[in-house]
$ cat model24.txt   # compact mmCIF, C-alpha atoms
# COMPACT_ATOMS: atom_id res chain seq x y z
CA MET A 1 5.86 -56.53 -7.74
CA ASP A 2 2.66 -57.99 -9.23
CA ALA A 3 2.60 -61.29 -7.34
CA HIS A 4 -0.39 -60.02 -5.42
CA SER A 5 -2.10 -58.10 -8.21
CA ALA A 6 -5.00 -59.66 -10.07
CA VAL A 7 -7.19 -59.18 -13.09
CA PHE A 8 -10.75 -60.13 -12.20
CA LEU A 9 -12.49 -61.21 -15.39
CA ASP A 10 -16.20 -61.55 -15.93
CA LEU A 11 -17.13 -64.79 -17.70
CA GLN A 12 -20.27 -64.40 -19.85
CA GLY A 13 -20.01 -61.56 -22.32
CA THR A 14 -16.33 -60.90 -21.56
CA LEU A 15 -14.45 -64.16 -22.11
CA GLY A 16 -17.24 -65.70 -24.18
CA GLY A 17 -20.94 -66.43 -24.31
CA ASP A 18 -23.51 -63.71 -24.76
CA GLY A 19 -23.49 -61.93 -21.41
CA LEU A 20 -26.88 -63.29 -20.39
CA GLY A 21 -26.68 -67.09 -20.41
CA ASP A 22 -25.05 -69.49 -17.99
CA ILE A 23 -21.89 -71.57 -17.98
CA ARG A 24 -23.51 -74.71 -19.46
CA ALA A 25 -23.59 -73.34 -23.03
CA PHE A 26 -20.52 -71.13 -22.64
CA THR A 27 -17.90 -71.00 -25.41
CA PHE A 28 -14.81 -68.81 -25.47
CA PHE A 29 -14.51 -65.77 -27.73
CA PRO A 30 -11.43 -65.90 -30.02
CA CYS A 31 -9.87 -63.12 -27.89
CA ALA A 32 -10.08 -65.08 -24.62
CA VAL A 33 -7.15 -67.48 -24.98
CA PRO A 34 -4.61 -64.85 -26.14
CA ALA A 35 -5.84 -62.47 -23.41
CA LEU A 36 -5.33 -65.10 -20.72
CA ARG A 37 -1.94 -66.08 -22.16
CA LEU A 38 -0.80 -62.45 -21.88
CA LEU A 39 -1.98 -62.22 -18.28
CA ASN A 40 -0.44 -65.59 -17.40
CA ALA A 41 2.95 -64.51 -18.82
CA SER A 42 2.80 -61.18 -16.97
CA GLY A 43 2.67 -62.60 -13.46
CA LEU A 44 -0.76 -61.11 -12.83
CA LEU A 45 -3.35 -63.48 -11.43
CA ALA A 46 -6.24 -64.15 -13.83
CA ILE A 47 -9.33 -64.76 -11.70
CA VAL A 48 -12.81 -65.25 -13.10
CA VAL A 49 -15.76 -63.91 -11.09
CA THR A 50 -19.22 -64.84 -12.29
CA ASN A 51 -22.86 -64.69 -11.25
CA GLN A 52 -24.58 -68.00 -12.01
CA SER A 53 -28.11 -67.30 -10.80
CA HIS A 54 -29.51 -70.27 -12.75
CA ILE A 55 -28.04 -72.53 -10.05
CA GLY A 56 -30.14 -70.81 -7.37
CA LYS A 57 -33.18 -71.02 -9.62
CA GLY A 58 -32.78 -74.80 -9.79
CA LEU A 59 -31.95 -74.95 -13.51
CA PHE A 60 -28.73 -76.83 -12.84
CA THR A 61 -26.64 -77.85 -9.83
CA TYR A 62 -23.46 -76.47 -8.33
CA ALA A 63 -21.78 -79.79 -9.13
CA GLU A 64 -22.72 -79.35 -12.80
CA TYR A 65 -21.27 -75.82 -12.68
CA GLU A 66 -18.01 -77.15 -11.20
CA ALA A 67 -17.74 -79.88 -13.83
CA ARG A 68 -18.27 -77.34 -16.64
CA ALA A 69 -15.72 -74.92 -15.11
CA GLU A 70 -13.17 -77.75 -14.94
CA ALA A 71 -13.85 -78.65 -18.58
CA LEU A 72 -13.32 -75.03 -19.61
CA GLN A 73 -10.06 -74.90 -17.66
CA ARG A 74 -8.86 -78.05 -19.46
CA GLU A 75 -9.79 -76.45 -22.78
CA LEU A 76 -7.70 -73.40 -21.88
CA GLU A 77 -4.75 -75.52 -20.76
CA LEU A 78 -4.73 -77.36 -24.09
CA ALA A 79 -4.42 -73.93 -25.74
CA GLY A 80 -1.59 -72.83 -23.42
CA ALA A 81 -3.62 -70.59 -21.11
CA ARG A 82 -5.36 -70.78 -17.73
CA TRP A 83 -7.31 -68.90 -15.15
CA ASP A 84 -5.85 -69.06 -11.67
CA ALA A 85 -9.26 -69.46 -10.04
CA ILE A 86 -12.94 -69.09 -10.76
CA TYR A 87 -15.39 -67.78 -8.15
CA CYS A 88 -19.13 -68.05 -8.58
CA CYS A 89 -22.21 -66.59 -6.94
CA PRO A 90 -24.88 -69.31 -7.27
CA HIS A 91 -27.73 -67.30 -5.76
CA PRO A 92 -30.83 -66.09 -7.63
CA SER A 93 -30.85 -62.45 -8.71
CA ALA A 94 -33.28 -61.35 -5.98
CA SER A 95 -31.18 -63.02 -3.26
CA VAL A 96 -29.70 -61.10 -0.38
CA CYS A 97 -26.16 -62.47 -0.36
CA ALA A 98 -22.72 -60.94 -0.05
CA CYS A 99 -21.29 -62.54 -3.18
CA GLN A 100 -23.49 -61.51 -6.10
CA LYS A 101 -21.72 -58.97 -8.28
CA PRO A 102 -21.51 -55.99 -7.93
CA LYS A 103 -21.14 -56.90 -4.23
CA LEU A 104 -17.57 -57.66 -3.22
CA GLY A 105 -17.90 -61.13 -1.70
CA LEU A 106 -16.22 -62.95 -4.60
CA LEU A 107 -13.34 -60.46 -4.70
CA HIS A 108 -12.85 -60.71 -0.94
CA GLU A 109 -12.82 -64.52 -1.15
CA ALA A 110 -10.09 -64.34 -3.81
CA GLN A 111 -8.26 -61.67 -1.84
CA ARG A 112 -8.08 -63.95 1.21
CA ALA A 113 -7.03 -66.99 -0.82
CA PHE A 114 -4.28 -65.26 -2.83
CA GLY A 115 -3.25 -62.26 -0.69
CA ILE A 116 -4.42 -59.85 -3.39
CA ASN A 117 -4.00 -56.09 -3.14
CA LEU A 118 -7.29 -54.86 -4.62
CA GLN A 119 -5.92 -51.34 -5.15
CA ARG A 120 -3.31 -52.84 -7.49
CA SER A 121 -5.84 -54.95 -9.34
CA TYR A 122 -8.26 -54.67 -12.26
CA VAL A 123 -11.79 -55.70 -13.17
CA VAL A 124 -12.59 -56.50 -16.81
CA GLY A 125 -16.25 -56.92 -17.69
CA ASP A 126 -18.98 -56.07 -20.15
CA TRP A 127 -21.69 -54.98 -17.73
CA GLY A 128 -21.21 -51.39 -16.59
CA SER A 129 -23.76 -51.39 -13.79
CA VAL A 130 -22.30 -54.62 -12.41
CA ASP A 131 -18.61 -54.97 -13.31
CA MET A 132 -17.65 -51.27 -13.29
CA THR A 133 -19.66 -50.66 -10.12
CA MET A 134 -17.82 -53.55 -8.48
CA ALA A 135 -14.44 -52.21 -9.67
CA ARG A 136 -15.13 -48.83 -8.15
CA ALA A 137 -16.36 -50.26 -4.83
CA ALA A 138 -13.25 -52.47 -4.55
CA GLY A 139 -10.78 -49.73 -5.49
CA CYS A 140 -9.72 -51.61 -8.64
CA LYS A 141 -9.17 -50.15 -12.09
CA GLY A 142 -12.18 -50.91 -14.27
CA ILE A 143 -12.04 -51.85 -17.95
CA LEU A 144 -15.32 -52.17 -19.83
CA ALA A 145 -15.29 -54.62 -22.74
CA ARG A 146 -17.58 -53.80 -25.67
CA THR A 147 -18.40 -57.50 -26.12
CA GLY A 148 -21.52 -59.12 -24.64
CA VAL A 149 -23.72 -56.34 -23.27
CA GLY A 150 -20.84 -53.83 -23.34
CA GLU A 151 -22.31 -51.70 -26.14
CA SER A 152 -25.69 -51.60 -24.38
CA SER A 153 -23.92 -50.65 -21.13
CA LEU A 154 -22.37 -47.69 -22.92
CA ASN A 155 -25.62 -46.62 -24.59
CA GLU A 156 -29.15 -47.41 -23.46
CA TYR A 157 -28.10 -48.57 -19.95
CA ARG A 158 -25.49 -45.89 -19.26
CA HIS A 159 -27.90 -44.21 -16.83
CA ALA A 160 -27.60 -47.24 -14.51
CA TRP A 161 -23.95 -46.39 -13.80
CA ALA A 162 -23.81 -42.74 -14.88
CA ASP A 163 -21.58 -41.66 -11.97
CA ILE A 164 -18.81 -44.15 -12.86
CA GLU A 165 -16.20 -43.77 -15.59
CA PRO A 166 -14.26 -46.86 -16.66
CA ASP A 167 -10.50 -46.44 -16.71
CA PHE A 168 -10.51 -47.84 -20.22
CA ILE A 169 -13.07 -49.02 -22.78
CA ALA A 170 -11.74 -52.04 -24.66
CA THR A 171 -12.91 -53.71 -27.83
CA ASP A 172 -12.59 -57.08 -26.08
CA ALA A 173 -10.71 -58.95 -23.35
CA LEU A 174 -7.51 -59.07 -25.41
CA GLN A 175 -7.37 -55.31 -25.84
CA ALA A 176 -8.14 -54.99 -22.11
CA ALA A 177 -5.18 -57.26 -21.25
CA GLU A 178 -2.90 -55.33 -23.59
CA TRP A 179 -3.95 -52.02 -21.98
CA ILE A 180 -3.35 -53.40 -18.48
CA LEU A 181 0.15 -54.60 -19.35
CA LYS A 182 1.02 -51.34 -21.10
CA ASN A 183 -0.21 -49.12 -18.27
CA ARG A 184 0.50 -51.02 -15.06
CA GLU A 185 4.18 -50.12 -14.67
CA ARG A 186 3.55 -46.46 -15.30
CA ARG A 187 0.62 -46.45 -12.91
CA PHE A 188 2.55 -47.94 -9.99
CA GLU A 189 5.77 -46.03 -10.65
CA ARG A 190 3.86 -42.79 -10.13
CA GLY A 191 2.50 -44.23 -6.89
CA ARG A 192 -1.11 -44.03 -7.99
CA PRO A 193 -3.42 -46.71 -6.65
$ encode --input "model24.txt" --output "structure tokens"
Amino acid sequence: MDAHSAVFLDLQGTLGGDGLGDIRAFTFFPCAVPALRLLNASGLLAIVVTNQSHIGKGLFTYAEYEARAEALQRELELAGARWDAIYCCPHPSASVCACQKPKLGLLHEAQRAFGINLQRSYVVGDWGSVDMTMARAAGCKGILARTGVGESSLNEYRHAWADIEPDFIATDALQAAEWILKNRERRFERGRP
């Protein structure tokens, strides 16, 4: 049933890092590996979607990004976890592109590659005005993680996404994964998208 369902995970601030940096200095939070293990065992696709505007600003190259992403994947594999794919917007923040979150270009790219049903999928992220806005636009369930800029998203920046309610507010990516696994059967049995 879930072969074509996915959990789209933000990278910085959700799986590790501080929510504001780039992939070069990224390190995983302690919750990331067990969260990914849970998703991997569930049959849900674990797909990372990330804005990496420092590439477009010339601070590092796309090849350097790819090498770092591969190193992180190897690190996960050594710990018994993986992401199924990672999609990146390399454009600067002011760019007019179709892929920079909260736009849906990265999700649509993954959807085409894996045959994903977005209405049966989830977005987990720490940035309300970006990740939760993207979840709503795609028809996915949105889970806001309190890590990274999550607390700020819920407080001083709540006005930037005031018309959107996350489906769940999680302490971190592990609690988000646990909530998804606990609630997905019930959600689809009742026929709710």
$ residues_around --input "model24.txt" --residues "Leu45 (chain A)" --least-positions-apart "2" --cutoff "7 Å" --atoms "all atoms listed in the file" --output "list in words"
Ser5, Ala6, Val7, Asn40, Gly43, Ile47 and Asp84 of chain A
$ closest_residue --input "model24.txt" --among "A:Phe60, A:Phe114, A:Phe28, A:Trp161" --to "Thr133 (chain A)" --atoms "only C-alpha atoms"
A:Trp161
$ closest_residue --input "model24.txt" --among "A:Ser153, A:Ala113, A:Leu104, A:Gly58" --to "Gly139 (chain A)" --atoms "all atoms listed in the file"
A:Leu104
$ closest_residue --input "model24.txt" --among "A:Ala71, A:Ala46, A:Val130, A:Leu181" --to "Tyr157 (chain A)" --atoms "all atoms listed in the file"
A:Val130
$ closest_residue --input "model24.txt" --among "A:Gly105, A:Gly13, A:Gly56, A:Pro90" --to "Ser152 (chain A)" --atoms "only C-alpha atoms"
A:Gly13
$ residues_around --input "model24.txt" --residues "Gly125 (chain A)" --least-positions-apart "2" --cutoff "6 Å" --atoms "only C-alpha atoms" --output "ChimeraX atom specification"
/A:10,14,127,131,144-145
